[in-house]
Amino acid sequence: MLLENQPKTVMLDEAGYLVHFEDWSEDVARMLAAREGIPELTPERLNMLRFIRDYYKAYDFFPIVRSICRNVSEPKDCVQEKFINALIAWKIAGLPHPEEPLVSLLEAGQSPG
Amino acid sequence: MAKLPKPEELAKVDYTPPKTSWMDTPVVIKEGMFCHGAKTKSLQTLGFPNARDWRPMDADWKLPENWKEILLNGIADRLKKYRSFQLFMDICVRCGACADKCHFFIGTGDPKNMPVLRAELIRSVYRKEFTLAGKIFGKMAGARELTLDVLKEWWYYFFQCTECRRCSVFCPYGIDQAEITIIGRELLNELGLNIDWIAGPASACYMKGNHLGLEPHTIVGNLEYMLDDIETITGKRIKPTFNRKGAEILFVTPSGDLFADPGTYTAMGYLMLFEELGLDYTWSTYASEGGNFGFFTTNELAKRLNSKIYNEAKRLGVKWILGGECGHMWRVLSQYMDTWNGPADFLEVPKSPITGTVFDHAKSMKMIHVAEFTADLIKNNKLKLDPKRNDHLTVTWHDSCNTARGMGLLEEPRYVLKSVVNNFHEMPEDTIREKTFCCGSGSGLNASEDMDLRMKGGFPRANAVKFVHEHHGVNMLANVCAIDRASLKPLMDYWVPGVGVCGLHELVANALVMTGEKERTTDLRGEPLPSAQAKEEKA
């Protein structure tokens, strides 16, 4: 899958995750956000996305959800409030497609119904 | 993921058996009732046979041509190797005492989820190929050919058993259905028929030491974030050590506690308790997984993955090992580790440095469960506890199958729980202790694509929680298992909204009065404490 209308065309996998971590930019993030039904990337949202990317770069892993809010000085359920859930936040931040156990672990936090 | 039906729909279970006899009722593989097939990458990493991508809904499972021969040889090998397997194949009289004891039968009404019939799936082939009566009388003697349909039936139903062993409690012969499922899955594994929710974490564990694939700097980083939270709540900065040679105790816990809520609150609980005790212990970024998904593939892989616990204890030169809150981890540890990877003669019999208690029952294994350790501390009056801090919670206790039924850990967690909370209510008698109902997601079935199965299998457990929720206002389901902490949450949201899920040591740490701590205003989750709320209202 390709994300068009960019200065550079970027590649997404079948679930809509960025294939190359370095392809990310704020413009790409806006396109990814729109695909997930998040209309606007406010400064707070962008701040969170930058933290998520920095964390991933430092630890080669997805951040603990609570740590995101604490580190951008937002209330503790900021991820759900601003991005519906952590998986969507990671996706818009350009993180790679998480392995299934992680997806299940995070989905366990929500009602499956 | 297929959309789940509403709870009132899922609760309508039809117990009418099909008109045809079970051998003549072919398996129908239904969406929502199974997990994705194991991926090439996962199987290759583990060195398992027939690594390829495959889908259970496809007619072609891409099996090796001689699949039947492989399976029959596999059965023959195991009959020789495990006397229990031979016994369980021969002695069942089909009395049916187990039939309605399985949470999957109660939740689905599918006769092939009766433990007796699930075992019969493999027993029928055993009779045909390995007994004289079966060879001569065939179907009349309960024997049948191993066909592709039979193989698919095995796969479907051996991954609809959580190896919880509730049925075994009621079996007059004590047949361990879990062992039959374990062997059934081992046989399937020889054809590459594993599920990815098991093979994926197992391969991550093989490569990086834990199911989530957390690398050493990530483990440290994640714990640092928890330490920040602890500092906010208590005013105390804790500095745990990692991979420290010469520590007295090695601490090993499931990796789920290092990443996802509510397990992270349990991990914060351990950190706070050990800090308050001044315990001479170390975390390990090598033995960074207590759980063992290898146990759901083959005994051989379980042994391989387990070996790092003793190896690390030896390398670090600790005296004994303390284990965190996990379920199947303890089945493997207490029943297999010593014979698989022992003897751990380089370790000492666990002795609490705080109370002097010697844990004689772990003389051979050299490892004890943190609930035993904490119960002993409380019994000897070594902790200052303020259970009022948990007054916003009305708690019930879920006995995790492997710790309760598997290793008899019934009293210790209850003793701890009653010391740290004021409001505790047991679920009905037939649903707790050794008769506890499974969460419905154990033994590697806690994926997201089999939610129908999980909600059906968890129905009896949820029903018992609903009873105490309605009669006593229970709003928290405590347990000592990482899979429970991850899987009971959606189960509660689905069947009993308003009930949360937590680990035992989260509640311990809420109540624990730490030396030099600031006045607490919130619990570990950042929720205001009842006492703080009352003060605010007064002001």
# chains A, B, ... in the order shown; residues from 1 in each chain; ligands from 1
$ interface_residues --of "chain A" --to "chain B" --cutoff "10 Å" --atoms "only C-alpha atoms" --output "PyMOL selection string"
chain A and resi 55-56+58-68+70-71+76+99-113
$ residues_around --residues "Leu524 in chain B" --least-positions-apart "5" --cutoff "12 Å" --atoms "only C-alpha atoms" --output "PyMOL selection string"
chain B and resi 226-234+261-272+389-390+502-503+505-512+529
$ write_last_selection --atoms "C-alpha atoms" --output "CSV table (one decimal), in the first residue's frame"
chain,number,residue,atom,x,y,z
B,226,MET,CA,7.6,2.6,37.1
B,227,LEU,CA,10.1,4.0,39.6
B,228,ASP,CA,9.1,7.6,38.5
B,229,ASP,CA,5.5,6.7,39.3
B,230,ILE,CA,6.5,5.2,42.7
B,231,GLU,CA,8.4,8.4,43.5
B,232,THR,CA,5.4,10.5,42.7
B,233,ILE,CA,3.2,8.4,44.9
B,234,THR,CA,5.5,7.7,47.9
B,261,ASP,CA,-1.3,-2.5,32.8
B,262,PRO,CA,-2.4,-3.9,35.2
B,263,GLY,CA,0.7,-6.1,35.4
B,264,THR,CA,2.9,-3.0,35.7
B,265,TYR,CA,1.2,-2.1,39.0
B,266,THR,CA,2.1,-5.5,40.3
B,267,ALA,CA,5.7,-5.0,39.3
B,268,MET,CA,5.6,-1.6,41.2
B,269,GLY,CA,4.3,-3.6,44.1
B,270,TYR,CA,7.3,-6.0,44.1
B,271,LEU,CA,9.7,-3.0,43.8
B,272,MET,CA,8.2,-1.3,46.8
B,389,ARG,CA,-5.9,2.4,51.8
B,390,ASN,CA,-7.7,-0.3,49.8
B,502,CYS,CA,-5.3,-6.6,39.7
B,503,GLY,CA,-2.3,-8.6,41.0
B,505,HIS,CA,1.2,-7.3,45.2
B,506,GLU,CA,-0.5,-4.2,43.8
B,507,LEU,CA,-2.8,-4.4,46.8
B,508,VAL,CA,0.1,-5.2,49.2
B,509,ALA,CA,2.0,-2.1,48.0
B,510,ASN,CA,-1.1,0.1,48.3
B,511,ALA,CA,-1.4,-1.0,52.0
B,512,LEU,CA,2.3,-1.1,52.7
B,529,LEU,CA,-7.3,7.2,48.2
$ residues_around --residues "Leu301 in chain B" --least-positions-apart "4" --cutoff "12 Å" --atoms "only C-alpha atoms" --output "PDB file with N, CA and C atoms, in the first residue's frame"
ATOM      1  N   LEU B  43       8.436 -20.509  13.625  1.00  0.00           N
ATOM      2  CA  LEU B  43       8.796 -21.928  13.670  1.00  0.00           C
ATOM      3  C   LEU B  43      10.265 -22.132  13.302  1.00  0.00           C
ATOM      4  N   THR B  45      12.738 -20.005  13.776  1.00  0.00           N
ATOM      5  CA  THR B  45      13.567 -19.569  14.900  1.00  0.00           C
ATOM      6  C   THR B  45      13.720 -20.688  15.922  1.00  0.00           C
ATOM      7  N   LEU B  46      12.627 -21.416  16.142  1.00  0.00           N
ATOM      8  CA  LEU B  46      12.639 -22.452  17.175  1.00  0.00           C
ATOM      9  C   LEU B  46      13.155 -23.790  16.651  1.00  0.00           C
ATOM     10  N   GLY B  47      13.433 -23.860  15.358  1.00  0.00           N
ATOM     11  CA  GLY B  47      13.896 -25.114  14.776  1.00  0.00           C
ATOM     12  C   GLY B  47      12.797 -26.165  14.731  1.00  0.00           C
ATOM     13  N   PHE B  48      11.548 -25.719  14.607  1.00  0.00           N
ATOM     14  CA  PHE B  48      10.431 -26.661  14.538  1.00  0.00           C
ATOM     15  C   PHE B  48      10.182 -27.100  13.092  1.00  0.00           C
ATOM     16  N   GLU B 186       1.943 -31.555  21.182  1.00  0.00           N
ATOM     17  CA  GLU B 186       3.292 -31.958  20.761  1.00  0.00           C
ATOM     18  C   GLU B 186       3.238 -32.667  19.416  1.00  0.00           C
ATOM     19  N   ASN B 189       2.571 -30.299  16.694  1.00  0.00           N
ATOM     20  CA  ASN B 189       3.759 -29.488  16.465  1.00  0.00           C
ATOM     21  C   ASN B 189       4.729 -30.169  15.500  1.00  0.00           C
ATOM     22  N   ILE B 198       1.295 -18.721  20.322  1.00  0.00           N
ATOM     23  CA  ILE B 198       2.212 -19.490  21.165  1.00  0.00           C
ATOM     24  C   ILE B 198       3.619 -19.466  20.561  1.00  0.00           C
ATOM     25  N   ALA B 199       3.710 -19.772  19.265  1.00  0.00           N
ATOM     26  CA  ALA B 199       5.030 -19.850  18.632  1.00  0.00           C
ATOM     27  C   ALA B 199       5.722 -18.480  18.611  1.00  0.00           C
ATOM     28  N   ALA B 202       7.083 -17.650  22.117  1.00  0.00           N
ATOM     29  CA  ALA B 202       8.131 -18.632  22.428  1.00  0.00           C
ATOM     30  C   ALA B 202       9.399 -18.300  21.653  1.00  0.00           C
ATOM     31  N   SER B 203       9.258 -17.881  20.385  1.00  0.00           N
ATOM     32  CA  SER B 203      10.466 -17.570  19.613  1.00  0.00           C
ATOM     33  C   SER B 203      11.084 -16.258  20.101  1.00  0.00           C
ATOM     34  N   CYS B 205      11.077 -15.316  23.147  1.00  0.00           N
ATOM     35  CA  CYS B 205      11.737 -15.716  24.387  1.00  0.00           C
ATOM     36  C   CYS B 205      13.060 -16.413  24.089  1.00  0.00           C
ATOM     37  N   TYR B 206      13.049 -17.212  23.041  1.00  0.00           N
ATOM     38  CA  TYR B 206      14.256 -17.936  22.667  1.00  0.00           C
ATOM     39  C   TYR B 206      15.354 -16.966  22.212  1.00  0.00           C
ATOM     40  N   ASN B 292       6.412 -19.528  30.407  1.00  0.00           N
ATOM     41  CA  ASN B 292       7.075 -20.446  29.495  1.00  0.00           C
ATOM     42  C   ASN B 292       6.091 -20.923  28.432  1.00  0.00           C
ATOM     43  N   PHE B 293       6.001 -20.173  27.330  1.00  0.00           N
ATOM     44  CA  PHE B 293       5.085 -20.574  26.253  1.00  0.00           C
ATOM     45  C   PHE B 293       5.604 -21.807  25.519  1.00  0.00           C
ATOM     46  N   GLY B 294       6.868 -22.140  25.759  1.00  0.00           N
ATOM     47  CA  GLY B 294       7.408 -23.371  25.199  1.00  0.00           C
ATOM     48  C   GLY B 294       6.616 -24.565  25.705  1.00  0.00           C
ATOM     49  N   PHE B 295       6.098 -24.451  26.913  1.00  0.00           N
ATOM     50  CA  PHE B 295       5.314 -25.505  27.544  1.00  0.00           C
ATOM     51  C   PHE B 295       4.053 -25.833  26.735  1.00  0.00           C
ATOM     52  N   PHE B 296       3.629 -24.900  25.889  1.00  0.00           N
ATOM     53  CA  PHE B 296       2.424 -25.127  25.083  1.00  0.00           C
ATOM     54  C   PHE B 296       2.767 -25.626  23.684  1.00  0.00           C
ATOM     55  N   THR B 297       4.092 -25.887  23.464  1.00  0.00           N
ATOM     56  CA  THR B 297       4.489 -26.467  22.179  1.00  0.00           C
ATOM     57  C   THR B 297       4.988 -27.894  22.400  1.00  0.00           C
ATOM     58  N   LEU B 305      13.725 -23.332  27.219  1.00  0.00           N
ATOM     59  CA  LEU B 305      13.462 -21.957  27.651  1.00  0.00           C
ATOM     60  C   LEU B 305      13.638 -21.818  29.160  1.00  0.00           C
ATOM     61  N   ASN B 306      13.326 -22.886  29.868  1.00  0.00           N
ATOM     62  CA  ASN B 306      13.417 -22.827  31.326  1.00  0.00           C
ATOM     63  C   ASN B 306      14.860 -22.812  31.826  1.00  0.00           C
ATOM     64  N   SER B 307      15.762 -23.356  31.025  1.00  0.00           N
ATOM     65  CA  SER B 307      17.129 -23.564  31.517  1.00  0.00           C
ATOM     66  C   SER B 307      17.803 -22.274  31.963  1.00  0.00           C
ATOM     67  N   VAL B 332       5.417 -25.239  35.514  1.00  0.00           N
ATOM     68  CA  VAL B 332       6.696 -25.679  34.967  1.00  0.00           C
ATOM     69  C   VAL B 332       7.752 -25.743  36.076  1.00  0.00           C
ATOM     70  N   TRP B 340      14.170 -31.434  34.898  1.00  0.00           N
ATOM     71  CA  TRP B 340      14.641 -31.059  33.559  1.00  0.00           C
ATOM     72  C   TRP B 340      16.057 -30.468  33.630  1.00  0.00           C
TER      73      TRP B 340
END
$ residues_around --residues "Ser168 in chain B" --least-positions-apart "4" --cutoff "10 Å" --atoms "only C-alpha atoms" --output "list of chain:residue names"
B:Ala97, B:Cys98, B:Lys101, B:Cys102, B:Pro115, B:Cys164, B:Pro172, B:Tyr173, B:Gly174, B:Ile175, B:Asp176, B:Gln177, B:Ala178, B:Arg405, B:Lys435
$ write_last_selection --atoms "C-alpha atoms" --output "PDB file, in the first residue's frame"
ATOM      1  CA  ALA B  97     -17.902 -37.380  35.667  1.00  0.00           C
ATOM      2  CA  CYS B  98     -15.729 -34.843  33.862  1.00  0.00           C
ATOM      3  CA  LYS B 101     -16.835 -29.709  34.524  1.00  0.00           C
ATOM      4  CA  CYS B 102     -15.019 -28.083  31.606  1.00  0.00           C
ATOM      5  CA  PRO B 115     -12.939 -33.686  28.507  1.00  0.00           C
ATOM      6  CA  CYS B 164      -6.476 -26.104  33.447  1.00  0.00           C
ATOM      7  CA  PRO B 172     -12.293 -41.042  39.738  1.00  0.00           C
ATOM      8  CA  TYR B 173      -9.085 -42.266  38.089  1.00  0.00           C
ATOM      9  CA  GLY B 174      -7.341 -38.920  38.259  1.00  0.00           C
ATOM     10  CA  ILE B 175      -6.732 -38.850  34.505  1.00  0.00           C
ATOM     11  CA  ASP B 176      -4.848 -35.660  33.746  1.00  0.00           C
ATOM     12  CA  GLN B 177      -6.560 -34.241  30.695  1.00  0.00           C
ATOM     13  CA  ALA B 178      -3.927 -31.502  30.502  1.00  0.00           C
ATOM     14  CA  ARG B 405      -4.745 -26.732  41.359  1.00  0.00           C
ATOM     15  CA  LYS B 435     -12.383 -26.331  41.771  1.00  0.00           C
TER      16      LYS B 435
END
$ residues_around --residues "range 319-324 of chain B" --least-positions-apart "4" --cutoff "10 Å" --atoms "only C-alpha atoms" --output "MDAnalysis selection string"
chainID B and resid 246:254 257 266:267 270 281:282 289:291 309:310 313:314 329:330 333 344 346:352 362 365:373 480:482 505
$ residues_around --residues "range 6-15 of chain A" --least-positions-apart "3" --cutoff "12 Å" --atoms "only C-alpha atoms" --output "ChimeraX atom specification"
/A:1-3,18-32,35-36,87-88,91-92,94-98
$ write_last_selection --atoms "N, CA and C atoms" --output "PDB file, in the first residue's frame"
ATOM      1  N   MET A   1       0.850  -1.193   0.000  1.00  0.00           N
ATOM      2  CA  MET A   1       0.000   0.000   0.000  1.00  0.00           C
ATOM      3  C   MET A   1       0.890   1.250   0.000  1.00  0.00           C
ATOM      4  N   LEU A   2       0.470   2.272  -0.742  1.00  0.00           N
ATOM      5  CA  LEU A   2       1.275   3.495  -0.807  1.00  0.00           C
ATOM      6  C   LEU A   2       0.467   4.681  -0.317  1.00  0.00           C
ATOM      7  N   LEU A   3       1.149   5.577   0.351  1.00  0.00           N
ATOM      8  CA  LEU A   3       0.484   6.795   0.805  1.00  0.00           C
ATOM      9  C   LEU A   3       0.892   7.900  -0.158  1.00  0.00           C
ATOM     10  N   LEU A  18       3.501   2.208   8.910  1.00  0.00           N
ATOM     11  CA  LEU A  18       4.603   2.680   8.083  1.00  0.00           C
ATOM     12  C   LEU A  18       5.648   1.566   7.958  1.00  0.00           C
ATOM     13  N   VAL A  19       6.094   1.321   6.727  1.00  0.00           N
ATOM     14  CA  VAL A  19       7.068   0.246   6.537  1.00  0.00           C
ATOM     15  C   VAL A  19       8.467   0.707   6.950  1.00  0.00           C
ATOM     16  N   HIS A  20       8.809   1.976   6.611  1.00  0.00           N
ATOM     17  CA  HIS A  20      10.135   2.497   6.980  1.00  0.00           C
ATOM     18  C   HIS A  20       9.994   3.589   8.035  1.00  0.00           C
ATOM     19  N   PHE A  21      10.550   3.348   9.187  1.00  0.00           N
ATOM     20  CA  PHE A  21      10.465   4.256  10.332  1.00  0.00           C
ATOM     21  C   PHE A  21      10.910   5.684   9.951  1.00  0.00           C
ATOM     22  N   GLU A  22      11.960   5.769   9.103  1.00  0.00           N
ATOM     23  CA  GLU A  22      12.536   7.086   8.767  1.00  0.00           C
ATOM     24  C   GLU A  22      11.650   7.876   7.811  1.00  0.00           C
ATOM     25  N   ASP A  23      10.667   7.256   7.217  1.00  0.00           N
ATOM     26  CA  ASP A  23       9.792   7.974   6.282  1.00  0.00           C
ATOM     27  C   ASP A  23       8.877   8.974   6.982  1.00  0.00           C
ATOM     28  N   TRP A  24       8.853   8.930   8.300  1.00  0.00           N
ATOM     29  CA  TRP A  24       7.887   9.730   9.053  1.00  0.00           C
ATOM     30  C   TRP A  24       8.202  11.221   8.985  1.00  0.00           C
ATOM     31  N   SER A  25       7.172  12.017   8.871  1.00  0.00           N
ATOM     32  CA  SER A  25       7.287  13.467   9.023  1.00  0.00           C
ATOM     33  C   SER A  25       5.948  13.927   9.576  1.00  0.00           C
ATOM     34  N   GLU A  26       5.854  15.174   9.935  1.00  0.00           N
ATOM     35  CA  GLU A  26       4.563  15.635  10.466  1.00  0.00           C
ATOM     36  C   GLU A  26       3.469  15.510   9.414  1.00  0.00           C
ATOM     37  N   ASP A  27       3.830  15.738   8.154  1.00  0.00           N
ATOM     38  CA  ASP A  27       2.842  15.609   7.080  1.00  0.00           C
ATOM     39  C   ASP A  27       2.365  14.164   6.955  1.00  0.00           C
ATOM     40  N   VAL A  28       3.328  13.244   7.003  1.00  0.00           N
ATOM     41  CA  VAL A  28       2.954  11.828   6.935  1.00  0.00           C
ATOM     42  C   VAL A  28       2.044  11.494   8.115  1.00  0.00           C
ATOM     43  N   ALA A  29       2.399  12.014   9.292  1.00  0.00           N
ATOM     44  CA  ALA A  29       1.583  11.760  10.488  1.00  0.00           C
ATOM     45  C   ALA A  29       0.151  12.255  10.278  1.00  0.00           C
ATOM     46  N   ARG A  30       0.009  13.406   9.640  1.00  0.00           N
ATOM     47  CA  ARG A  30      -1.346  13.937   9.401  1.00  0.00           C
ATOM     48  C   ARG A  30      -2.152  13.001   8.503  1.00  0.00           C
ATOM     49  N   MET A  31      -1.483  12.477   7.493  1.00  0.00           N
ATOM     50  CA  MET A  31      -2.166  11.535   6.591  1.00  0.00           C
ATOM     51  C   MET A  31      -2.555  10.250   7.347  1.00  0.00           C
ATOM     52  N   LEU A  32      -1.618   9.751   8.146  1.00  0.00           N
ATOM     53  CA  LEU A  32      -1.905   8.527   8.915  1.00  0.00           C
ATOM     54  C   LEU A  32      -3.049   8.775   9.888  1.00  0.00           C
ATOM     55  N   ARG A  35      -6.407   8.726   8.243  1.00  0.00           N
ATOM     56  CA  ARG A  35      -6.835   7.358   7.953  1.00  0.00           C
ATOM     57  C   ARG A  35      -7.456   6.687   9.177  1.00  0.00           C
ATOM     58  N   GLU A  36      -7.023   7.127  10.370  1.00  0.00           N
ATOM     59  CA  GLU A  36      -7.531   6.525  11.609  1.00  0.00           C
ATOM     60  C   GLU A  36      -8.710   7.312  12.181  1.00  0.00           C
ATOM     61  N   LEU A  87      -2.401   1.600  20.246  1.00  0.00           N
ATOM     62  CA  LEU A  87      -2.015   1.036  18.946  1.00  0.00           C
ATOM     63  C   LEU A  87      -2.126   2.100  17.852  1.00  0.00           C
ATOM     64  N   ILE A  88      -3.180   2.893  17.938  1.00  0.00           N
ATOM     65  CA  ILE A  88      -3.370   3.944  16.932  1.00  0.00           C
ATOM     66  C   ILE A  88      -2.300   5.029  17.096  1.00  0.00           C
ATOM     67  N   LYS A  91       0.855   3.788  15.634  1.00  0.00           N
ATOM     68  CA  LYS A  91       0.772   3.734  14.169  1.00  0.00           C
ATOM     69  C   LYS A  91       1.012   5.127  13.576  1.00  0.00           C
ATOM     70  N   ILE A  92       0.358   6.125  14.156  1.00  0.00           N
ATOM     71  CA  ILE A  92       0.505   7.484  13.628  1.00  0.00           C
ATOM     72  C   ILE A  92       1.926   8.009  13.877  1.00  0.00           C
ATOM     73  N   GLY A  94       4.409   6.335  13.437  1.00  0.00           N
ATOM     74  CA  GLY A  94       5.276   5.698  12.443  1.00  0.00           C
ATOM     75  C   GLY A  94       6.047   4.508  12.966  1.00  0.00           C
ATOM     76  N   LEU A  95       5.598   3.950  14.088  1.00  0.00           N
ATOM     77  CA  LEU A  95       6.262   2.761  14.614  1.00  0.00           C
ATOM     78  C   LEU A  95       5.860   1.541  13.774  1.00  0.00           C
ATOM     79  N   PRO A  96       6.706   0.525  13.751  1.00  0.00           N
ATOM     80  CA  PRO A  96       6.366  -0.630  12.914  1.00  0.00           C
ATOM     81  C   PRO A  96       5.199  -1.443  13.478  1.00  0.00           C
ATOM     82  N   HIS A  97       4.689  -2.320  12.648  1.00  0.00           N
ATOM     83  CA  HIS A  97       3.564  -3.185  13.020  1.00  0.00           C
ATOM     84  C   HIS A  97       3.966  -4.054  14.226  1.00  0.00           C
ATOM     85  N   PRO A  98       3.283  -3.894  15.377  1.00  0.00           N
ATOM     86  CA  PRO A  98       3.682  -4.704  16.542  1.00  0.00           C
ATOM     87  C   PRO A  98       3.336  -6.176  16.341  1.00  0.00           C
TER      88      PRO A  98
END
$ select_by_dssp --residues "range 195-324 of chain B" --states "strand (DSSP E or B)" --output "PyMOL selection string"
chain B and resi 195+242+249-252+281-283+320-323
$ write_last_selection --atoms "C-alpha atoms" --output "compact mmCIF listing (two decimals), in the first residue's frame"
# COMPACT_ATOMS: atom_id res chain seq x y z
CA ILE B 195 -0.62 -21.33 16.64
CA PHE B 242 20.22 -5.71 37.53
CA ILE B 249 18.29 -13.64 45.77
CA LEU B 250 17.49 -13.70 42.05
CA PHE B 251 14.01 -12.39 41.25
CA VAL B 252 12.22 -13.74 38.15
CA TYR B 281 18.11 -9.18 45.48
CA THR B 282 18.67 -8.60 41.80
CA TRP B 283 16.60 -8.51 38.61
CA TRP B 320 18.09 -18.97 46.00
CA ILE B 321 15.41 -17.75 43.60
CA LEU B 322 12.23 -15.81 44.26
CA GLY B 323 9.49 -15.92 41.61
$ select_by_dssp --residues "range 373-477 of chain B" --states "helix (DSSP H, G or I)" --output "PyMOL selection string"
chain B and resi 373-379+387-390+401-407+411-420+429-431+433-435+451-457+459-472
$ residues_around --residues "Ile432 in chain B" --least-positions-apart "3" --cutoff "12 Å" --atoms "only C-alpha atoms" --output "list in words"
Arg166, Thr396, Trp397, His398, Asp399, Ser400, Cys401, Ala404, Arg405, Leu409, Leu410, Glu411, Arg414, His425, Glu426, Met427, Pro428, Glu429, Lys435, Thr436, Phe437, Cys438, Pro460, Arg461, Ala464, Val465 and Asn479 of chain B
$ closest_residue --among "A:Lys82, A:Asp77, A:Cys69, A:Trp90" --to "Arg45 in chain A" --atoms "only C-alpha atoms"
A:Lys82
$ decode --residues "range 37-50 of chain A" --atoms "N, CA, C and O atoms" --output "PDB file, in the first residue's frame"
ATOM      1  N   GLY A  37      -9.141   8.312  11.455  1.00  0.00           N
ATOM      2  CA  GLY A  37     -10.289   9.098  11.913  1.00  0.00           C
ATOM      3  C   GLY A  37      -9.941  10.169  12.934  1.00  0.00           C
ATOM      4  O   GLY A  37     -10.796  10.626  13.692  1.00  0.00           O
ATOM      5  N   ILE A  38      -8.661  10.545  12.974  1.00  0.00           N
ATOM      6  CA  ILE A  38      -8.279  11.635  13.883  1.00  0.00           C
ATOM      7  C   ILE A  38      -8.032  12.872  13.033  1.00  0.00           C
ATOM      8  O   ILE A  38      -7.078  12.932  12.253  1.00  0.00           O
ATOM      9  N   PRO A  39      -8.934  13.853  13.139  1.00  0.00           N
ATOM     10  CA  PRO A  39      -8.954  14.930  12.163  1.00  0.00           C
ATOM     11  C   PRO A  39      -7.770  15.900  12.247  1.00  0.00           C
ATOM     12  O   PRO A  39      -7.307  16.393  11.238  1.00  0.00           O
ATOM     13  N   GLU A  40      -7.287  16.127  13.459  1.00  0.00           N
ATOM     14  CA  GLU A  40      -6.314  17.217  13.555  1.00  0.00           C
ATOM     15  C   GLU A  40      -5.165  16.810  14.464  1.00  0.00           C
ATOM     16  O   GLU A  40      -5.378  16.191  15.510  1.00  0.00           O
ATOM     17  N   LEU A  41      -3.955  17.140  14.069  1.00  0.00           N
ATOM     18  CA  LEU A  41      -2.813  16.888  14.943  1.00  0.00           C
ATOM     19  C   LEU A  41      -2.466  18.165  15.704  1.00  0.00           C
ATOM     20  O   LEU A  41      -1.695  19.000  15.230  1.00  0.00           O
ATOM     21  N   THR A  42      -3.044  18.301  16.860  1.00  0.00           N
ATOM     22  CA  THR A  42      -2.800  19.480  17.700  1.00  0.00           C
ATOM     23  C   THR A  42      -1.362  19.423  18.231  1.00  0.00           C
ATOM     24  O   THR A  42      -0.735  18.361  18.189  1.00  0.00           O
ATOM     25  N   PRO A  43      -0.838  20.533  18.759  1.00  0.00           N
ATOM     26  CA  PRO A  43       0.503  20.525  19.334  1.00  0.00           C
ATOM     27  C   PRO A  43       0.643  19.444  20.407  1.00  0.00           C
ATOM     28  O   PRO A  43       1.670  18.780  20.491  1.00  0.00           O
ATOM     29  N   GLU A  44      -0.404  19.219  21.230  1.00  0.00           N
ATOM     30  CA  GLU A  44      -0.315  18.167  22.260  1.00  0.00           C
ATOM     31  C   GLU A  44      -0.118  16.804  21.611  1.00  0.00           C
ATOM     32  O   GLU A  44       0.703  16.006  22.042  1.00  0.00           O
ATOM     33  N   ARG A  45      -0.912  16.562  20.571  1.00  0.00           N
ATOM     34  CA  ARG A  45      -0.805  15.257  19.896  1.00  0.00           C
ATOM     35  C   ARG A  45       0.588  15.090  19.282  1.00  0.00           C
ATOM     36  O   ARG A  45       1.208  14.036  19.407  1.00  0.00           O
ATOM     37  N   LEU A  46       1.057  16.140  18.636  1.00  0.00           N
ATOM     38  CA  LEU A  46       2.382  16.044  17.997  1.00  0.00           C
ATOM     39  C   LEU A  46       3.476  15.803  19.033  1.00  0.00           C
ATOM     40  O   LEU A  46       4.414  15.031  18.811  1.00  0.00           O
ATOM     41  N   ASN A  47       3.331  16.452  20.172  1.00  0.00           N
ATOM     42  CA  ASN A  47       4.270  16.273  21.270  1.00  0.00           C
ATOM     43  C   ASN A  47       4.334  14.808  21.701  1.00  0.00           C
ATOM     44  O   ASN A  47       5.402  14.247  21.920  1.00  0.00           O
ATOM     45  N   MET A  48       3.147  14.217  21.826  1.00  0.00           N
ATOM     46  CA  MET A  48       3.072  12.809  22.225  1.00  0.00           C
ATOM     47  C   MET A  48       3.731  11.933  21.167  1.00  0.00           C
ATOM     48  O   MET A  48       4.482  11.005  21.490  1.00  0.00           O
ATOM     49  N   LEU A  49       3.446  12.218  19.904  1.00  0.00           N
ATOM     50  CA  LEU A  49       4.017  11.404  18.823  1.00  0.00           C
ATOM     51  C   LEU A  49       5.539  11.478  18.841  1.00  0.00           C
ATOM     52  O   LEU A  49       6.223  10.469  18.659  1.00  0.00           O
ATOM     53  N   ARG A  50       6.075  12.672  19.085  1.00  0.00           N
ATOM     54  CA  ARG A  50       7.537  12.817  19.107  1.00  0.00           C
ATOM     55  C   ARG A  50       8.130  12.008  20.266  1.00  0.00           C
ATOM     56  O   ARG A  50       9.163  11.358  20.123  1.00  0.00           O
TER      57      ARG A  50
END
